[in-house]
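I have placed the structure first, in the form of C-alpha cells, so that the comments after it can refer back to it.
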Amino acid sequence: MIVVVPVDPPRDGLVLSSLAETTPLSLPDARRLYEAATADVVRTVVSSGGELLVNYRDEETLPMDDGVGDEETETDAETEVRTLVTDALGEDVLEAEDVRFERQVGSTRAARVGNTVTHLLEEEDHASVGVLEPTTPLVARTEIDGAAMTIRRNEVVLGPAPAGRVYFACFAEPIDFTDAYATPELGTLATHGADAGLNVGFAPMLPTVATEADLCSTIAGLEARRAAGRPVPEATAAVVDELGIVVEDGPTIVRG
C-alpha cells in the first residue's frame, strides 16, 4: 500500500492554529507540535510495509489571509515540507526508501485527497492507497500494516479519530470524493464507500493532536506507553516535555 501523508508547510498560524485559541500554547508552540507529530508519522510509515508519499500544499492551495501563504514568506512551501521530512528521516533514508514528494491539487480538502487517491489507483495502478493524517503521532506500524491487510478484504478502510473524524482512510477503489470529508468525516466517508457498492472496514481508533481533547488523549497515551515500557513517538514526546504540557481535570491542557 502506498501511504499518502498530506503535509502543510509548518508555519505559525497555519498549522494547529486552533490549539493556540483553546489552550495555553502559542502559535509557535503549536507549529513545533505539528512538526514533531509529522516527523513521528513519516518515520512510522517508513518503518512499516507501506511506501511513503508526502503530499504537500503549495502556495496555490494555501489560505491567503493573515499573511499565511503569501509572497513575503522567506521560503516556499515545498522547501519547508521537504526540509521537515528530511530532518525527520535523514537523506540516506529518503534515498533508500525512495520517498516521493507530490504537490496537492484541488480547492478543498476532499478534492485534494480525491485527486491524489484517484490518480494513484487509476493512473499509477497501485493496489491500494492510504491517506494518513500527519497529526497522529501515536500511530504505529501495526495500524498501517493492519490496514494494508484489511484493505484486501474491504475496498475502503477507515481509521476513526474522536468526534467522528478520521485519521486514516484507505481505498482500493475510488469513491465519489465530493464533500467526502463533510462532518462527521467517519460517517460521510463510510456512506460514500457504501454508496459506491464497496465493503467498508475499520482500523483501531486513535487520537490526533488537532484539538485540545485529542491532545489530552495523546499525552495520556504517551504517559501510558512510558509507564508500560513501550516505545513512544520520540519527537512528539520531546516537544510535549519541552513545552511542559500536562493534562488536568476537565480534561484540559495546562503548562506545567
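FYI, nothing fancy with the C-alpha cells labels: chains A, B, ... in order, residues from 1 per chain, ligands from 1 as they appear.
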
### Query
Can you tell me, as a VMD selection string, what residues are no more than 9 Å from Cys216 of chain A when counting only C-alpha atoms, ignoring any on the same chain fewer than 4 positions away?
chain A and resid 207 209 211 to 212 220 to 221 246 to 248 251 to 253

#### Entry: Exercise: segment 93-104 of chain A partners within 8 Å, only C-alpha atoms, chain neighbours under 6 positions left out, as a VMD selection string
chain A and resid 6 46 51 to 58 61 78 82 86 112 to 113 116

#### Entry: d(atom CA of Val42 of chain A, atom CA of Cys170 of chain A) in Å
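Pair atom CA of Val42 of chain A / atom CA of Cys170 of chain A returns 16.5 Å.
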
### Task
Have a look at A:Ala238, A:Leu243, A:Val105, A:Ala190 and name the one nearest to Gly256 of chain A; count only C-alpha atoms.
A:Leu243

### Query
When you draw a straight line from atom CA of Arg230 of chain A to atom CA of Pro204 of chain A, how long is it in Å?
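Taking atom CA of Arg230 of chain A as the start and atom CA of Pro204 of chain A as the end point, the length is 18.0 Å.
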